[in-house]
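Chemist: Data file coords.cif (mmCIF, C-alpha atoms) is appended below.
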```cif
data_query
loop_
_atom_site.label_atom_id
_atom_site.label_comp_id
_atom_site.auth_asym_id
_atom_site.auth_seq_id
_atom_site.Cartn_x
_atom_site.Cartn_y
_atom_site.Cartn_z
CA MET A 226 151.30 -3.06 123.64
CA GLN A 227 151.21 -0.60 126.52
CA PRO A 228 149.34 -1.64 129.67
CA ASN A 229 146.12 0.09 130.66
CA LEU A 230 146.55 2.86 133.22
CA THR A 231 144.12 4.26 135.74
CA ILE A 232 144.30 8.02 135.59
CA ILE A 233 145.44 9.63 138.83
CA ASN A 234 144.05 13.08 139.44
CA VAL A 235 147.26 15.06 139.81
CA LEU A 236 146.59 18.77 140.21
CA THR A 237 149.12 20.70 138.16
CA PRO A 238 149.20 24.44 137.43
CA PHE A 239 147.74 25.39 134.10
CA ILE A 240 150.15 27.99 132.77
CA VAL A 241 148.44 31.10 131.43
CA VAL A 242 150.68 31.45 128.37
CA ARG A 243 149.88 27.93 127.27
CA LYS A 244 146.19 28.53 127.82
CA VAL A 245 146.32 31.60 125.60
CA TYR A 246 148.16 29.53 123.00
CA LEU A 247 145.39 26.94 123.07
CA LEU A 248 142.69 29.59 122.70
CA LEU A 249 144.46 31.00 119.65
CA VAL A 250 144.65 27.53 118.13
CA ILE A 251 140.97 26.97 118.86
CA ALA A 252 140.04 30.27 117.23
CA MET A 253 142.01 29.36 114.15
CA LEU A 254 140.34 25.95 113.96
CA ALA A 255 136.91 27.52 114.32
CA CYS A 256 137.62 29.87 111.42
CA LEU A 257 138.83 27.01 109.26
CA GLY A 258 136.04 24.68 110.27
CA CYS A 259 133.79 25.56 107.35
CA GLU A 260 136.57 24.63 104.92
CA TRP A 261 137.31 21.19 106.37
CA HIS A 262 136.36 18.44 103.98
CA LEU A 263 136.06 15.29 106.11
CA ARG A 264 136.20 12.23 103.96
CA SER A 265 134.31 9.02 104.59
CA ASN A 266 136.04 5.70 105.32
CA GLU A 267 135.02 4.39 101.91
CA GLU A 268 136.67 7.30 100.13
CA THR A 269 140.00 6.98 101.95
CA SER A 270 140.38 3.25 102.56
CA GLU A 271 142.49 2.70 99.41
CA GLU A 272 144.11 6.10 99.10
CA LEU A 273 147.80 6.86 98.82
CA PRO A 274 149.47 9.13 99.76
CA LEU A 275 148.15 8.92 103.29
CA THR A 276 147.06 11.91 105.31
CA ILE A 277 146.27 11.53 109.01
CA ASP A 278 142.79 12.87 109.71
CA ARG A 279 142.91 15.44 112.52
CA TYR A 280 140.03 14.13 114.61
CA ASP A 281 142.13 15.20 117.61
CA MET A 282 141.67 18.87 116.70
CA ILE A 283 137.88 18.67 116.75
CA GLU A 284 138.07 16.62 119.94
CA SER A 285 140.36 19.23 121.54
CA LEU A 286 138.02 22.05 120.57
CA TYR A 287 135.10 20.35 122.29
CA LEU A 288 137.03 19.26 125.39
CA THR A 289 138.53 22.68 126.06
CA THR A 290 135.57 24.93 125.21
CA GLY A 291 132.50 22.71 125.28
CA ASP A 292 131.71 23.98 121.76
CA TYR A 293 128.53 22.12 120.76
CA SER A 294 129.26 22.47 117.04
CA ALA A 295 132.51 20.57 117.58
CA LEU A 296 130.59 17.77 119.30
CA LEU A 297 128.15 17.63 116.39
CA GLN A 298 131.06 17.40 113.97
CA MET A 299 132.61 14.55 115.98
CA ASN A 300 129.36 12.59 115.92
CA LYS A 301 128.46 13.35 112.31
CA SER A 302 131.82 13.11 110.55
CA TYR A 303 133.54 10.57 112.82
CA PRO A 304 130.78 8.42 114.37
CA MET A 305 132.85 5.24 114.56
CA GLN A 306 135.91 7.00 115.95
CA THR A 307 133.81 8.73 118.59
CA ARG A 308 132.13 5.50 119.61
CA MET A 309 135.46 3.66 119.91
CA LEU A 310 136.96 6.51 121.92
CA ILE A 311 134.07 6.67 124.39
CA GLU A 312 133.30 2.96 124.68
CA ASP A 313 136.62 1.18 124.08
CA VAL A 314 139.35 3.64 125.07
CA LEU A 315 137.86 5.77 127.84
CA ARG A 316 135.23 3.16 128.80
CA ILE A 317 132.89 5.75 130.29
CA GLY A 318 129.65 4.36 128.88
CA GLN A 319 127.77 3.83 125.63
CA VAL A 320 127.83 6.50 122.95
CA ASN A 321 124.01 6.68 122.94
CA ASP A 322 123.64 7.10 126.72
CA PRO A 323 121.55 10.21 127.50
CA ASP A 324 124.27 11.84 129.61
CA ILE A 325 127.33 10.60 127.70
CA ASN A 326 128.29 14.06 126.42
CA HIS A 327 128.42 15.38 129.98
CA LYS A 328 130.46 12.36 131.10
CA PHE A 329 132.89 12.82 128.20
CA LEU A 330 133.40 16.50 128.91
CA HIS A 331 133.65 15.96 132.67
CA PHE A 332 136.23 13.18 132.25
CA PHE A 333 138.69 15.60 130.64
CA LYS A 334 138.15 18.37 133.21
CA ASP A 335 141.04 16.90 135.21
CA SER A 336 143.86 19.45 135.15
CA THR A 337 146.40 16.84 134.05
CA LEU A 338 144.30 15.95 131.02
CA GLN A 339 143.62 19.60 130.18
CA SER A 340 147.38 20.18 130.19
CA LEU A 341 147.80 17.06 128.08
CA ILE A 342 145.48 18.45 125.40
CA VAL A 343 147.66 21.56 125.09
CA ASP A 344 150.86 19.51 124.96
CA VAL A 345 149.50 17.28 122.20
CA GLN A 346 148.43 20.23 120.05
CA GLU A 347 151.81 21.91 120.55
CA GLN A 348 153.93 18.86 119.76
CA PHE A 349 151.79 17.59 116.91
CA ALA A 350 150.77 20.83 115.22
CA ASP A 351 152.40 19.52 112.04
CA LEU A 352 152.13 15.87 110.96
CA ASP A 353 153.75 16.13 107.53
CA ASP A 354 156.68 13.94 108.54
CA LEU A 355 154.35 11.20 109.80
CA ASN A 356 152.19 11.40 106.68
CA LYS A 357 155.27 10.80 104.53
CA GLU A 358 156.59 7.98 106.73
CA LEU A 359 153.24 6.18 106.72
CA THR A 360 152.77 6.65 102.98
CA ASP A 361 156.21 5.25 102.16
CA ALA A 362 155.86 2.32 104.56
CA PHE A 363 152.36 1.33 103.47
CA ARG A 364 153.37 1.61 99.82
CA ARG A 365 156.20 -0.86 100.43
CA LEU A 366 153.89 -3.10 102.42
CA ARG A 367 151.32 -3.17 99.63
CA ASP A 368 154.07 -3.95 97.13
CA ALA A 369 154.83 -7.00 99.28
CA ILE A 370 151.15 -7.84 99.87
CA PRO A 371 149.20 -6.64 96.79
CA THR A 372 145.82 -7.48 98.33
CA LEU A 373 146.47 -5.29 101.37
CA GLU A 374 143.76 -2.72 102.11
CA ILE A 375 145.12 0.65 103.17
CA PRO A 376 143.39 1.82 106.37
CA GLN A 377 142.04 5.26 107.14
CA ILE A 378 144.36 6.77 109.73
CA TYR A 379 143.28 9.39 112.24
CA ALA A 380 144.71 11.06 115.32
CA GLN A 381 142.95 11.32 118.65
CA ILE A 382 143.58 12.13 122.31
CA GLY A 383 142.90 9.31 124.78
CA SER A 384 143.81 9.24 128.43
CA PHE A 385 147.26 7.63 128.51
CA ASP A 386 145.67 4.28 127.61
CA GLN A 387 145.98 2.40 124.30
CA SER A 388 148.46 3.77 121.80
CA ILE A 389 146.96 2.45 118.54
CA ILE A 390 143.29 1.57 118.00
CA VAL A 391 142.47 -0.80 115.14
CA GLY A 392 138.94 -1.36 113.87
CA ASN A 393 136.90 -1.51 110.65
CA LYS A 394 139.78 -0.63 108.33
CA THR A 395 140.85 2.30 110.50
CA LEU A 396 143.90 3.07 112.61
CA GLY A 397 143.56 5.54 115.45
CA ILE A 398 146.75 7.08 116.82
CA SER A 399 146.47 8.22 120.43
CA LEU A 400 148.93 11.10 120.30
CA ASP A 401 148.99 11.32 124.09
CA LYS A 402 151.07 8.12 124.14
CA TYR A 403 153.88 9.61 122.02
CA LEU A 404 154.93 12.79 123.81
CA GLY A 405 158.52 11.67 124.43
CA ALA A 406 160.43 9.60 126.98
CA ASP A 407 161.01 12.63 129.21
CA TYR A 408 157.38 13.77 129.38
CA PRO A 409 156.75 14.43 133.11
CA PHE A 410 153.64 12.28 133.46
CA TYR A 411 155.40 9.36 131.78
CA ILE A 412 158.35 9.57 134.14
CA GLU A 413 156.02 9.27 137.11
CA HIS A 414 153.85 6.44 135.78
CA TYR A 415 155.87 4.36 133.30
CA THR A 416 159.11 2.40 133.40
CA ALA A 417 162.17 3.52 131.47
CA GLU A 418 161.67 0.65 129.00
CA GLN A 419 158.07 1.67 128.37
CA ARG A 420 159.02 5.32 127.96
CA ARG A 421 161.65 4.41 125.38
CA LEU A 422 158.80 3.40 123.06
CA MET A 423 156.59 6.43 123.76
CA THR A 424 158.15 8.75 121.21
CA ARG A 425 157.11 10.29 117.93
CA SER A 426 159.49 8.00 116.03
CA MET A 427 157.48 4.95 117.16
CA ILE A 428 154.16 6.07 115.67
CA THR A 429 154.74 4.64 112.19
CA PRO A 430 156.19 1.31 113.41
CA ASP A 431 153.35 0.91 115.90
CA CYS A 432 150.72 1.65 113.24
CA LEU A 433 152.19 -0.98 110.96
CA GLY A 434 152.69 -3.53 113.72
CA PHE A 435 149.21 -3.29 115.20
CA TYR A 436 147.58 -3.27 111.77
CA LEU A 437 149.49 -6.35 110.63
CA LEU A 438 148.65 -8.10 113.88
CA SER A 439 144.96 -7.44 113.25
CA LEU A 440 145.24 -8.89 109.73
CA TYR A 441 147.45 -11.83 110.69
CA PRO A 442 146.55 -12.91 114.22
CA LEU A 443 148.11 -15.98 115.77
CA GLN A 444 145.88 -18.88 114.73
CA GLU A 445 146.66 -21.41 117.46
CA LYS A 446 143.86 -21.81 119.98
CA GLU A 447 146.26 -22.36 122.88
CA PRO A 448 149.56 -20.84 121.81
CA THR A 449 152.65 -21.29 123.92
CA PRO A 450 154.73 -18.25 124.92
CA GLU A 451 157.31 -19.30 122.33
CA MET A 452 154.64 -19.30 119.61
CA ARG A 453 153.53 -15.81 120.61
CA HIS A 454 157.12 -14.52 120.64
CA ARG A 455 157.88 -16.04 117.24
CA HIS A 456 154.72 -14.61 115.72
CA MET A 457 155.51 -11.15 117.08
CA GLY A 458 159.03 -11.62 115.73
CA LYS A 459 157.54 -12.07 112.25
CA ILE A 460 155.41 -8.93 112.58
CA GLN A 461 158.32 -6.89 113.89
CA TRP A 462 160.66 -8.19 111.18
CA VAL A 463 158.19 -7.10 108.49
CA VAL A 464 157.88 -3.67 110.12
CA ASN A 465 161.66 -3.34 110.03
CA GLN A 466 161.65 -4.20 106.31
CA VAL A 467 158.96 -1.73 105.23
CA THR A 468 160.26 1.14 107.38
CA LYS A 469 163.85 0.39 106.32
CA GLN A 470 164.93 0.69 109.94
CA ARG A 471 165.95 -1.72 112.68
CA VAL A 472 163.20 -0.51 114.95
CA PHE A 473 162.77 -3.85 116.69
CA LYS A 474 165.87 -5.70 117.86
CA ASN A 475 165.48 -8.98 119.72
CA SER A 476 166.34 -12.66 119.35
CA HIS A 477 163.02 -13.51 117.68
CA VAL A 478 163.44 -10.83 115.02
CA GLU A 479 167.00 -12.03 114.42
CA ALA A 480 165.76 -15.61 114.06
CA ILE A 481 163.22 -14.55 111.41
CA ASP A 482 165.86 -12.50 109.64
CA SER A 483 168.15 -15.52 109.47
CA PHE A 484 165.29 -17.72 108.26
CA MET A 485 164.34 -15.33 105.45
CA LYS A 486 167.95 -15.00 104.28
CA HIS A 487 168.11 -18.77 103.86
CA HIS A 488 164.64 -19.11 102.31
CA LYS A 489 164.51 -16.66 99.42
CA ASP A 490 161.45 -18.43 98.02
CA VAL A 491 159.30 -17.39 101.02
CA ASN A 492 157.63 -14.01 100.61
CA ILE A 493 156.25 -11.75 103.34
CA GLU A 494 152.65 -12.83 102.90
CA GLN A 495 153.61 -16.51 103.16
CA LEU A 496 155.71 -15.79 106.22
CA LEU A 497 152.79 -14.12 108.01
CA HIS A 498 150.22 -16.72 106.97
CA ASP A 499 152.10 -19.95 107.55
CA THR A 500 152.66 -20.97 111.18
CA SER A 501 155.23 -23.58 110.18
CA TYR A 502 157.80 -20.89 109.39
#
```
Since I need it in another form, could you write the structure as structure tokens?
Modeler:
Amino acid sequence: MQPNLTIINVLTPFIVVRKVYLLLVIAMLACLGCEWHLRSNEETSEELPLTIDRYDMIESLYLTTGDYSALLQMNKSYPMQTRMLIEDVLRIGQVNDPDINHKFLHFFKDSTLQSLIVDVQEQFADLDDLNKELTDAFRRLRDAIPTLEIPQIYAQIGSFDQSIIVGNKTLGISLDKYLGADYPFYIEHYTAEQRRLMTRSMITPDCLGFYLLSLYPLQEKEPTPEMRHRHMGKIQWVVNQVTKQRVFKNSHVEAIDSFMKHHKDVNIEQLLHDTSY
């Protein structure tokens, strides 16, 4: 997990061309708004193939223009996501505070965050590749764990804080944490090791890892560091299996890999449940 970060107000020029680009995107979204069919959590919780809900687009529209209709859509169609964003990610107050809308809008007036909104919409204009990756990985995971509930997945823009938000059968992807290792703000505020994980290719593994961790938390009341590392090794090993990639490479993952090769009778669900493995 990425550490929390206090936003530093760094004044950066807001390039006119990029601003025009954003306005064009906003205009397009406004025209398409009446055609958006926003599905409820109940309708999407068991659905495959997966499609990432573009909550970030409605959020961007409100934060860049103050469009009240966008705010209404956030509160009406995504009440839980909006509450989690305001209360748990940004931590600027309660969603029912009288002045919370002003606080929310004011928070993102910082020039660095306004630039961030544009960068997110440019880099993540198309999410088809991520939809396919997540669909394939969750299908394999449910084959391994038939009782697994498929979460609703949505995209949002945070403030360089948490990368994945898990809650009430939902997964929220903070796209602002996946803009690439060479993103200027990252270079200034994160280590090279942290930046290595802040790329588009890590979105699917992080979604799977955080979701599995929420379903299979470490049960020990006072776990030792070794217990924590071994449990994370299990989670990361499973992520490697369902993504068909060696995303996570460390001694704990290798230990689990060796264990599973010598214990063919142990399945993934047993591995995650049983602390004796």
Chemist: Could you state which residues are captured by the PyMOL selection byres ((chain A and resi 459) around 8) in this file, as a PDB file with C-alpha atoms, in the frame of the given file?
Modeler:
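Output contents, as saved in result29.pdb:
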```pdb
ATOM      1  CA  ARG A 455     157.880 -16.040 117.240  1.00  0.00           C
ATOM      2  CA  HIS A 456     154.720 -14.610 115.720  1.00  0.00           C
ATOM      3  CA  MET A 457     155.510 -11.150 117.080  1.00  0.00           C
ATOM      4  CA  GLY A 458     159.030 -11.620 115.730  1.00  0.00           C
ATOM      5  CA  ILE A 460     155.410  -8.930 112.580  1.00  0.00           C
ATOM      6  CA  GLN A 461     158.320  -6.890 113.890  1.00  0.00           C
ATOM      7  CA  TRP A 462     160.660  -8.190 111.180  1.00  0.00           C
ATOM      8  CA  VAL A 463     158.190  -7.100 108.490  1.00  0.00           C
ATOM      9  CA  HIS A 477     163.020 -13.510 117.680  1.00  0.00           C
ATOM     10  CA  VAL A 478     163.440 -10.830 115.020  1.00  0.00           C
ATOM     11  CA  ILE A 481     163.220 -14.550 111.410  1.00  0.00           C
ATOM     12  CA  LEU A 496     155.710 -15.790 106.220  1.00  0.00           C
ATOM     13  CA  LEU A 497     152.790 -14.120 108.010  1.00  0.00           C
TER      14      LEU A 497
END
```
Chemist: Evaluate the PyMOL selection byres ((chain A and resi 403) around 9) on the structure here and hand back the selected residues as a ChimeraX atom specification.
Modeler: /A:345,388,399-402,404-406,420,422-428
Chemist: Keeping C-alpha atoms for every residue in the selection just given, could you write it to a file as an mmCIF file, in the frame of the given file?
Modeler:
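As written to disk, selection-v8.cif reads:
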```
data_model
loop_
_atom_site.group_PDB
_atom_site.id
_atom_site.type_symbol
_atom_site.label_atom_id
_atom_site.label_comp_id
_atom_site.auth_asym_id
_atom_site.auth_seq_id
_atom_site.Cartn_x
_atom_site.Cartn_y
_atom_site.Cartn_z
ATOM 1 C CA VAL A 345 149.500 17.280 122.200
ATOM 2 C CA SER A 388 148.460 3.770 121.800
ATOM 3 C CA SER A 399 146.470 8.220 120.430
ATOM 4 C CA LEU A 400 148.930 11.100 120.300
ATOM 5 C CA ASP A 401 148.990 11.320 124.090
ATOM 6 C CA LYS A 402 151.070 8.120 124.140
ATOM 7 C CA LEU A 404 154.930 12.790 123.810
ATOM 8 C CA GLY A 405 158.520 11.670 124.430
ATOM 9 C CA ALA A 406 160.430 9.600 126.980
ATOM 10 C CA ARG A 420 159.020 5.320 127.960
ATOM 11 C CA LEU A 422 158.800 3.400 123.060
ATOM 12 C CA MET A 423 156.590 6.430 123.760
ATOM 13 C CA THR A 424 158.150 8.750 121.210
ATOM 14 C CA ARG A 425 157.110 10.290 117.930
ATOM 15 C CA SER A 426 159.490 8.000 116.030
ATOM 16 C CA MET A 427 157.480 4.950 117.160
ATOM 17 C CA ILE A 428 154.160 6.070 115.670
#
```
Chemist: Let me make sure I understand: among A:Asp324, A:Glu272, A:Glu494, A:Gln346, which one has the smallest atom-to-atom distance to Thr372 in chain A if we use all atoms listed in the file?
Modeler: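 Smallest distance to Thr372 in chain A is found for A:Glu494.
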Chemist: Return the single residue from A:Leu352, A:Met309, A:Leu373, A:Leu286 that is closest to Phe333 in chain A, with distances computed using only C-alpha atoms.
Modeler: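 Nearest to Phe333 in chain A: A:Leu286.
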Chemist: How far is it from CA of Leu355 in chain A to CA of Ala480 in chain A, in Å with one decimal?
Modeler: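 These two atoms are separated by 29.4 Å.
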Chemist: Compare A:Ser340, A:Thr500, A:Gln298, A:Ser285 by their minimum atom-to-atom distance to Glu445 in chain A, counting only C-alpha atoms, and give me the closest one.
Modeler: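 Of A:Ser340, A:Thr500, A:Gln298, A:Ser285, the one nearest Glu445 in chain A is A:Thr500, counting only C-alpha atoms.
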Chemist: I'd like to see the residues matched by the PyMOL selection byres ((chain A and resi 431-442) around 9) on this file, and ideally I'd get them as a ChimeraX atom specification.
Modeler: /A:226,359,362-363,366,376,378,388-392,394-398,427-430,443-444,456-457,460-461,463-464,467,497-498
Chemist: Taking into account only C-alpha atoms, which residue in the set A:His331, A:His454, A:Lys474, A:Lys446 is nearest to Thr290 in chain A?
Modeler: A:His331
Chemist: Using all atoms listed in the file, what residues lie at most 12 Å away from (153.2, 8.9, 134.8) (file coordinates), given as an NGL selection string?
Modeler: :A and (230-235 or 337-338 or 341 or 384-386 or 401-402 or 404-417 or 419-420 or 423)
